[in-house]
Structure formats: C-alpha cells, structure tokens
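Engineer: Input work30.txt, format and content: compact mmCIF, C-alpha atoms.
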# COMPACT_ATOMS: atom_id res chain seq x y z
CA MET Y 8 5.95 18.58 38.06
CA ALA Y 9 9.32 17.12 37.10
CA LYS Y 10 7.69 13.73 36.46
CA LYS Y 11 5.04 15.35 34.25
CA GLN Y 12 7.73 17.13 32.26
CA ARG Y 13 9.62 13.85 31.76
CA GLU Y 14 6.42 12.18 30.52
CA ASP Y 15 5.77 15.05 28.11
CA THR Y 16 9.33 14.87 26.81
CA MET Y 17 9.06 11.10 26.31
CA SER Y 18 5.75 11.47 24.46
CA SER Y 19 7.22 14.22 22.29
CA SER Y 20 10.25 12.07 21.53
CA ILE Y 21 8.06 9.16 20.39
CA SER Y 22 5.88 11.37 18.21
CA ASP Y 23 8.99 12.66 16.43
CA ARG Y 24 9.95 9.15 15.35
CA PRO Y 25 9.41 8.05 11.73
CA ILE Y 26 6.62 5.90 10.35
CA GLY Y 27 7.81 2.65 8.80
CA ILE Y 28 6.28 1.41 5.53
CA PHE Y 29 7.13 -1.71 3.58
CA ASP Y 30 6.05 -3.56 0.49
CA SER Y 31 7.38 -6.48 -1.53
CA GLY Y 32 8.85 -3.84 -3.82
CA VAL Y 33 8.05 -0.38 -5.12
CA GLY Y 34 4.25 -0.71 -5.13
CA GLY Y 35 3.85 0.74 -1.65
CA ILE Y 36 5.16 4.06 -2.94
CA SER Y 37 1.60 4.63 -4.16
CA VAL Y 38 0.45 4.40 -0.51
CA LEU Y 39 3.36 6.50 0.72
CA LYS Y 40 2.27 9.26 -1.67
CA ASP Y 41 -1.12 9.59 0.02
CA MET Y 42 0.48 9.52 3.46
CA VAL Y 43 3.02 12.23 2.65
CA GLN Y 44 0.20 14.44 1.40
CA LEU Y 45 -2.09 13.78 4.36
CA LEU Y 46 0.64 13.91 7.03
CA PRO Y 47 3.18 16.51 5.87
CA ASN Y 48 4.84 16.83 9.30
CA GLU Y 49 5.73 13.15 9.56
CA LYS Y 50 9.00 11.43 8.73
CA PHE Y 51 8.86 8.13 6.82
CA ILE Y 52 11.13 5.16 6.25
CA TYR Y 53 10.20 3.06 3.21
CA TYR Y 54 11.54 -0.46 2.69
CA ALA Y 55 11.22 -2.15 -0.70
CA ASP Y 56 11.85 -5.89 -0.41
CA SER Y 57 12.55 -6.05 -4.13
CA LEU Y 58 15.01 -8.93 -3.86
CA ASN Y 59 12.07 -11.10 -2.83
CA ALA Y 60 9.37 -9.58 -5.04
CA PRO Y 61 6.75 -10.57 -5.80
CA TYR Y 62 5.23 -11.85 -2.55
CA GLY Y 63 2.04 -12.70 -4.42
CA THR Y 64 3.34 -15.96 -5.86
CA LYS Y 65 5.06 -17.30 -2.72
CA ASP Y 66 3.73 -19.65 -0.03
CA ASN Y 67 2.33 -18.24 3.21
CA GLU Y 68 5.24 -19.38 5.37
CA THR Y 69 7.74 -17.56 3.16
CA ILE Y 70 5.62 -14.39 3.05
CA ALA Y 71 5.26 -14.37 6.83
CA ARG Y 72 9.01 -14.85 7.32
CA LEU Y 73 9.91 -12.08 4.87
CA SER Y 74 7.38 -9.71 6.44
CA ARG Y 75 8.73 -10.34 9.93
CA ASN Y 76 12.31 -9.77 8.77
CA VAL Y 77 11.43 -6.41 7.22
CA ALA Y 78 9.35 -5.41 10.23
CA ARG Y 79 12.28 -6.11 12.56
CA PHE Y 80 14.59 -4.03 10.33
CA LEU Y 81 12.21 -1.08 10.52
CA VAL Y 82 11.61 -1.43 14.26
CA ASP Y 83 15.38 -1.33 14.74
CA LYS Y 84 15.30 2.02 12.91
CA GLY Y 85 13.11 3.40 15.70
CA ILE Y 86 9.74 3.64 13.96
CA LYS Y 87 6.62 4.54 15.95
CA THR Y 88 4.10 2.86 13.62
CA LEU Y 89 4.32 0.18 10.94
CA VAL Y 90 2.31 0.27 7.70
CA VAL Y 91 2.17 -2.96 5.71
CA ALA Y 92 1.64 -1.36 2.29
CA CYS Y 93 1.11 -4.70 0.59
CA ASN Y 94 -2.23 -6.49 0.27
CA THR Y 95 -0.57 -9.90 0.13
CA ALA Y 96 1.62 -9.38 3.21
CA THR Y 97 -1.38 -7.96 5.07
CA ALA Y 98 -3.53 -10.96 4.23
CA VAL Y 99 -0.86 -13.43 5.34
CA ALA Y 100 1.12 -11.77 8.15
CA ILE Y 101 -0.77 -8.85 9.71
CA ASN Y 102 -2.10 -10.76 12.73
CA GLN Y 103 1.31 -12.20 13.54
CA LEU Y 104 2.98 -8.79 13.23
CA ARG Y 105 0.41 -7.20 15.54
CA ALA Y 106 0.92 -9.95 18.11
CA GLU Y 107 4.71 -9.62 18.06
CA LEU Y 108 5.20 -5.83 17.86
CA ASP Y 109 4.47 -3.28 20.58
CA ILE Y 110 3.73 -0.48 18.11
CA PRO Y 111 0.57 0.06 16.02
CA VAL Y 112 0.51 -2.02 12.82
CA ILE Y 113 -1.71 -0.94 9.92
CA GLY Y 114 -2.50 -3.13 6.94
CA MET Y 115 -4.37 -2.97 3.65
CA GLU Y 116 -7.18 -4.77 1.91
CA PRO Y 117 -8.70 -4.55 -1.57
CA ALA Y 118 -11.34 -1.79 -1.74
CA VAL Y 119 -14.26 -4.20 -2.15
CA LYS Y 120 -16.44 -2.38 0.38
CA PRO Y 121 -16.07 1.08 -1.25
CA ALA Y 122 -16.65 -0.50 -4.67
CA VAL Y 123 -19.88 -2.22 -3.60
CA GLU Y 124 -21.05 0.90 -1.76
CA LEU Y 125 -20.83 2.92 -4.96
CA GLY Y 126 -24.09 1.17 -5.81
CA LYS Y 127 -23.38 0.87 -9.51
CA GLU Y 128 -25.24 -1.75 -11.50
CA GLY Y 129 -22.88 -4.40 -12.81
CA LYS Y 130 -19.88 -6.43 -11.70
CA VAL Y 131 -16.92 -5.43 -9.53
CA LEU Y 132 -13.61 -6.61 -10.99
CA VAL Y 133 -10.91 -7.09 -8.34
CA MET Y 134 -7.40 -7.25 -9.78
CA ALA Y 135 -4.92 -8.71 -7.29
CA THR Y 136 -2.06 -11.16 -6.83
CA PRO Y 137 -2.89 -14.88 -6.84
CA VAL Y 138 -2.02 -15.24 -3.14
CA THR Y 139 -4.18 -12.30 -2.03
CA LEU Y 140 -7.22 -13.77 -3.75
CA LYS Y 141 -6.69 -17.19 -2.17
CA GLN Y 142 -6.43 -15.93 1.41
CA GLU Y 143 -9.13 -16.39 4.04
CA LYS Y 144 -8.98 -12.65 4.73
CA PHE Y 145 -10.06 -11.81 1.18
CA ASN Y 146 -12.78 -14.46 1.16
CA LYS Y 147 -14.18 -13.10 4.42
CA LEU Y 148 -14.22 -9.68 2.78
CA LEU Y 149 -16.20 -11.10 -0.13
CA HIS Y 150 -18.63 -12.84 2.19
CA ARG Y 151 -19.22 -9.60 4.09
CA TYR Y 152 -19.84 -7.29 1.14
CA ASP Y 153 -20.61 -9.42 -1.90
CA GLU Y 154 -24.18 -10.45 -1.16
CA HIS Y 155 -25.19 -10.90 -4.80
CA SER Y 156 -22.00 -12.51 -6.17
CA ARG Y 157 -21.13 -9.39 -8.11
CA VAL Y 158 -17.38 -9.54 -7.45
CA ILE Y 159 -15.06 -11.10 -10.03
CA PRO Y 160 -11.58 -11.87 -8.63
CA LEU Y 161 -8.89 -11.61 -11.30
CA PRO Y 162 -5.39 -12.86 -10.45
CA CYS Y 163 -2.67 -10.91 -12.27
CA PRO Y 164 0.54 -12.97 -12.20
CA GLY Y 165 3.45 -11.12 -13.73
CA LEU Y 166 2.13 -7.58 -13.38
CA VAL Y 167 4.12 -6.82 -10.23
CA GLU Y 168 7.29 -7.92 -11.98
CA LEU Y 169 6.70 -5.44 -14.80
CA VAL Y 170 6.24 -2.54 -12.37
CA GLU Y 171 9.37 -3.61 -10.47
CA LYS Y 172 11.27 -3.14 -13.72
CA GLY Y 173 9.84 0.37 -14.00
CA ILE Y 174 7.48 -0.60 -16.82
CA THR Y 175 4.21 1.19 -16.09
CA GLN Y 176 3.06 2.15 -19.57
CA GLY Y 177 3.73 1.38 -23.21
CA LYS Y 178 3.47 -1.64 -25.49
CA GLU Y 179 4.51 -4.34 -23.02
CA ILE Y 180 1.93 -3.32 -20.40
CA LYS Y 181 -0.81 -3.02 -23.03
CA GLU Y 182 -0.06 -6.47 -24.42
CA TYR Y 183 -0.09 -7.96 -20.93
CA LEU Y 184 -3.44 -6.38 -20.03
CA SER Y 185 -4.95 -7.29 -23.40
CA LYS Y 186 -4.25 -10.99 -22.72
CA LEU Y 187 -5.30 -10.73 -19.06
CA LEU Y 188 -8.66 -9.14 -19.86
CA ALA Y 189 -9.39 -11.13 -23.00
CA ASN Y 190 -11.98 -13.35 -21.29
CA ILE Y 191 -13.54 -10.62 -19.14
CA GLN Y 192 -16.91 -9.29 -20.32
CA ARG Y 193 -15.90 -5.69 -19.87
CA ASP Y 194 -19.31 -4.30 -20.81
CA GLN Y 195 -20.63 -5.88 -17.59
CA ILE Y 196 -18.01 -4.30 -15.31
CA ALA Y 197 -19.20 -1.38 -13.17
CA VAL Y 198 -16.10 -0.83 -10.98
CA VAL Y 199 -12.48 -1.97 -11.16
CA VAL Y 200 -10.63 -2.47 -7.87
CA LEU Y 201 -6.82 -2.40 -7.82
CA GLY Y 202 -6.06 -4.94 -5.09
CA CYS Y 203 -2.29 -4.56 -5.24
CA THR Y 204 -0.38 -1.35 -4.57
CA HIS Y 205 1.84 -1.96 -7.61
CA TYR Y 206 -1.17 -1.80 -9.93
CA VAL Y 207 -1.87 1.82 -9.05
CA PHE Y 208 1.07 2.81 -11.24
CA VAL Y 209 -0.63 1.11 -14.19
CA ARG Y 210 -4.02 2.72 -13.54
CA ASP Y 211 -3.98 4.98 -16.60
CA THR Y 212 -3.32 2.06 -18.93
CA ILE Y 213 -5.93 -0.13 -17.21
CA LYS Y 214 -8.49 2.63 -17.71
CA GLN Y 215 -7.94 2.45 -21.46
CA PHE Y 216 -9.51 -1.02 -21.50
CA PHE Y 217 -12.79 0.17 -19.97
CA PRO Y 218 -15.36 2.88 -20.75
CA SER Y 219 -14.37 6.26 -19.32
CA GLN Y 220 -17.25 6.34 -16.82
CA ILE Y 221 -16.06 3.19 -15.01
CA PRO Y 222 -14.16 4.08 -11.81
CA VAL Y 223 -10.84 2.37 -11.14
CA ILE Y 224 -10.28 2.56 -7.38
CA ASP Y 225 -7.78 1.43 -4.75
CA GLY Y 226 -7.49 1.32 -0.96
CA ASN Y 227 -4.59 3.73 -0.57
CA CYS Y 228 -6.47 6.81 0.60
CA GLY Y 229 -8.40 4.76 3.14
CA THR Y 230 -5.16 3.36 4.51
CA ALA Y 231 -3.66 6.85 4.84
CA LYS Y 232 -6.75 8.05 6.71
CA ARG Y 233 -6.57 5.01 8.97
CA LEU Y 234 -2.95 5.86 9.76
CA LEU Y 235 -3.96 9.42 10.65
CA LYS Y 236 -6.64 8.15 13.07
CA VAL Y 237 -4.30 5.64 14.70
CA LEU Y 238 -1.64 8.31 15.24
CA GLU Y 239 -4.15 10.73 16.72
CA ASP Y 240 -5.77 8.13 18.98
CA ALA Y 241 -2.37 7.01 20.29
CA GLY Y 242 -1.04 10.56 20.70
CA LEU Y 243 1.73 9.81 18.21
CA ARG Y 244 1.10 12.44 15.57
CA ALA Y 245 4.14 14.63 14.90
CA PRO Y 246 3.80 18.24 16.05
CA GLU Y 247 3.16 20.84 13.37
CA LYS Y 248 6.32 22.60 12.29
CA LYS Y 249 6.46 26.36 12.18
CA GLY Y 250 5.75 27.63 8.71
CA GLU Y 251 4.42 24.24 7.55
CA LYS Y 252 1.72 25.88 5.44
CA GLU Y 253 4.37 27.56 3.36
CA ILE Y 254 6.65 24.60 2.71
CA GLY Y 255 6.51 22.81 -0.62
CA MET Y 256 6.16 19.14 -1.47
CA GLN Y 257 9.87 18.92 -2.33
CA VAL Y 258 10.69 19.74 1.29
CA ARG Y 259 8.20 17.14 2.50
CA LYS Y 260 9.80 14.45 0.34
CA MET Y 261 13.12 15.09 2.04
CA ALA Y 262 11.56 13.48 5.14
CA VAL Y 263 11.45 10.08 3.38
CA LYS Y 264 14.32 7.59 3.65
CA PHE Y 265 14.49 4.57 1.36
CA TYR Y 266 15.96 1.13 1.96
CA THR Y 267 15.81 -2.01 -0.17
CA SER Y 268 16.90 -5.63 -0.21
CA GLY Y 269 17.37 -5.33 -3.97
CA ASP Y 270 19.87 -3.41 -6.08
CA PRO Y 271 19.93 0.05 -4.46
CA HIS Y 272 21.21 1.63 -7.67
CA HIS Y 273 18.01 0.57 -9.45
CA VAL Y 274 15.35 0.31 -6.73
CA ILE Y 275 15.90 3.52 -4.76
CA PRO Y 276 15.98 5.82 -7.83
CA LEU Y 277 12.84 4.03 -9.06
CA CYS Y 278 11.15 4.64 -5.69
CA GLN Y 279 12.09 8.31 -5.83
CA CYS Y 280 10.90 8.60 -9.42
CA LEU Y 281 7.53 6.96 -8.68
CA LEU Y 282 7.03 9.18 -5.64
CA ASN Y 283 7.84 12.28 -7.66
CA LEU Y 284 5.42 11.26 -10.42
CA ASN Y 285 2.59 10.87 -7.98
CA LEU Y 286 2.98 14.06 -5.94
Would you mind writing the file out in structure tokens?
Structural biologist:
Amino acid sequence: MAKKQREDTMSSSISDRPIGIFDSGVGGISVLKDMVQLLPNEKFIYYADSLNAPYGTKDNETIARLSRNVARFLVDKGIKTLVVACNTATAVAINQLRAELDIPVIGMEPAVKPAVELGKEGKVLVMATPVTLKQEKFNKLLHRYDEHSRVIPLPCPGLVELVEKGITQGKEIKEYLSKLLANIQRDQIAVVVLGCTHYVFVRDTIKQFFPSQIPVIDGNCGTAKRLLKVLEDAGLRAPEKKGEKEIGMQVRKMAVKFYTSGDPHHVIPLCQCLLNLNL
C-alpha cells in the first residue's frame, strides 16, 4: 500500500508540472492562447527566442542548435511536456528533440490537410517562412494531401520581423501584404493557410485582401487538441482545481510565466499584450 501511495504521489507531482512552449519569438503566443483556453488547469512556461528571430531565414544547423538550447532551458525548469510552437523549428528539429528528451514533444505543421478537406473549389495558399516551405517535412505534407497540385506555397520573408516589433495592423502591414500578394491571382484562392504562428496576429489584415467568404485558417487549435490527448494518454493532465468553473480568464493567465532571450522590457510586455488580445 505504501508503494502504491508513493507512485500516486509521484504521478501527481509530475502532472502538476508546467507545460513548456517555445517559438522563435512572440508568434507562439497564438498557440498558447488556444492551450490556455482548452486546458485551464495547466501551468505554462513560454520562451520567446526573440534575440534569434526569425528562425525562418536561418540554416538548418543553426535552427536545430537554437531549438535544442531553448528545450534544455525549459527542461531545466521542470516541464512535463514540450510544445514547439513554431512551424520552422518543428520542420527542422522535432525528430532530434524527441530523440533526446524523455518527455513528450509536440510540434506543428501548416494546416494543409484541414484546408484540402474543406473541399472548396480553387487553390490553397500557404503562407509560411522560406525555411518551412523548403523542408522535406512540408514537401511530404504536400505529397500526401495535394493530389491535384492545388497548393500554392508563398514564402513571406520579413513578416515575422514586423510582428516581433509589435506591428500587427496599420499602413506598414498593409503595404507589405500588398507587395507580397501582388502576383497572386486572388480570385482563384479558395483557402488561405497561415503556416507560421506569427501570422495569426495579422489574420484580420490578411483577410482584407481576399473575399469575405474565403477562410483563413491555422494549425493552432489542432495543436492544442493534440496536447490535450498526449497529456491524457500519458496520465499527465493537471487535476481540476476546486471552483475551476467559476474562475475567470485573468486568473488562468496568472499560470503563465514568460522568458525571452531578447530584451525582456520589450518582449515580455508584448507577449502579455498579445495573449490578452487573443483571450
């Protein structure tokens, strides 16, 4: 009986640990938002590697090294699960992280499958970083779901940098998107996929360049649901707190800690602001 009690205590202790999330910068806050809403009892540690943003223009060796460094930082904080809230880092480093870490590691991928499964007539425009679109992982995704060559990959160099500055709307974003989409036949687009977590914060402006009936989707909700399943399957889900149904989102947000490799006086307030805007 004593052994069983020790095992239960150990399991409970692990389930009370935080979930670690990282991105090349503040983009992963858009994923964190869905996770906070879906898993209100969990604690989270978010790391924005803003000093090294964007990952999407770096070589694979550098991306893998940066990802491993951040993962080790979060593991040292006692996390029970790691979420790579960055499409580029997932494409480059996810297999290596899973091989090296003894905790569950969850990644992301552009929502090509959900976009194709919508069954809309026309093209699927995938907006992502240059590195994400070049990776074998993305090309395998295309091969699996793009039977009729309907997917148009669109690299968006420079967009991450704008979001990192806190620029998510206004003249500068509109001018950038106007140039980016100038050669896209928008009347042929049926679905727009946001293949970078940063781009979610620019969704409203992106929508202005397409007819209102065209969906602009991302993979964030799917990643949050995947996290939920992994936690449940591994017995790592945090126990429900008494009175949880009555607590507000402000209380839930108190369970999030932020770290950054960048200027904490700029990055952490920006993280908090973006999280508040999306809850």
Engineer: Using only C-alpha atoms, can you tell me which of Y:Ala122, Y:Val158, Y:Leu140, Y:Leu282 comes closest to Y:Gly63?
Structural biologist: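 Of Y:Ala122, Y:Val158, Y:Leu140, Y:Leu282, the one nearest Y:Gly63 is Y:Leu140, counting only C-alpha atoms.
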Engineer: Restricting the calculation to all atoms listed in the file: of Y:Asn146, Y:Met134, Y:Asp23, Y:Lys178, which residue gets closest to Y:Cys163?
Structural biologist: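 Nearest candidate to Y:Cys163 out of Y:Asn146, Y:Met134, Y:Asp23, Y:Lys178: Y:Met134.
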Engineer: Please measure the separation of atom CA of Y:Gly35 and atom CA of Y:Val99, giving the value in Å to one decimal.
Structural biologist: 16.5 Å
Engineer: Please measure the separation of atom CA of Y:Leu149 and atom CA of Y:Glu107, giving the value in Å to one decimal.
Structural biologist: 27.8 Å
Engineer: Report, in Å to a single decimal, how far apart atom CA of Y:Ile110 and atom CA of Y:Arg72 are.
Structural biologist: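 Atom CA of Y:Ile110 lies at a distance of 18.7 Å from atom CA of Y:Arg72.
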Engineer: Write out as a ChimeraX atom specification which residues come within 12 Å of stretch 78-84 of chain Y when counting only C-alpha atoms, dropping same-chain ones fewer than 5 positions away.
Structural biologist: /Y:24-31,51-56,71-73,89-92,96,100-101,103-105,107-113,264-268
Engineer: Nearest residue to Y:Val170 out of Y:Ala241, Y:Met115, Y:Val199, Y:Leu277, using only C-alpha atoms?
Structural biologist: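 That would be Y:Leu277, the residue with the smallest distance to Y:Val170.
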Engineer: Between Y:Arg157, Y:His273, Y:Lys214, Y:Lys186, which one has atoms that come closest to Y:Glu171, using all atoms listed in the file?
Structural biologist: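 Between Y:Arg157, Y:His273, Y:Lys214, Y:Lys186, the residue approaching Y:Glu171 most closely is Y:His273.
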Engineer: Here is a test: counting only C-alpha atoms, which residue of Y:Pro246, Y:Pro121, Y:Gly173, Y:Pro137 is nearest to Y:Gly34?
Structural biologist: Y:Gly173
Engineer: Using only C-alpha atoms, which residue out of Y:Ile174, Y:Val131, Y:Leu161, Y:Leu188 lies closest to Y:Phe216?
Structural biologist: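 The answer is Y:Leu188, which sits nearest to Y:Phe216.
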Engineer: With only C-alpha atoms as the counted atoms, please give the residues lying no more than 12 Å from Y:Asp41, apart from itself and same-chain residues fewer than 5 positions off, as a ChimeraX atom specification.
Structural biologist: /Y:35-36,46-47,92,204,207,225-235,260,282,285-286
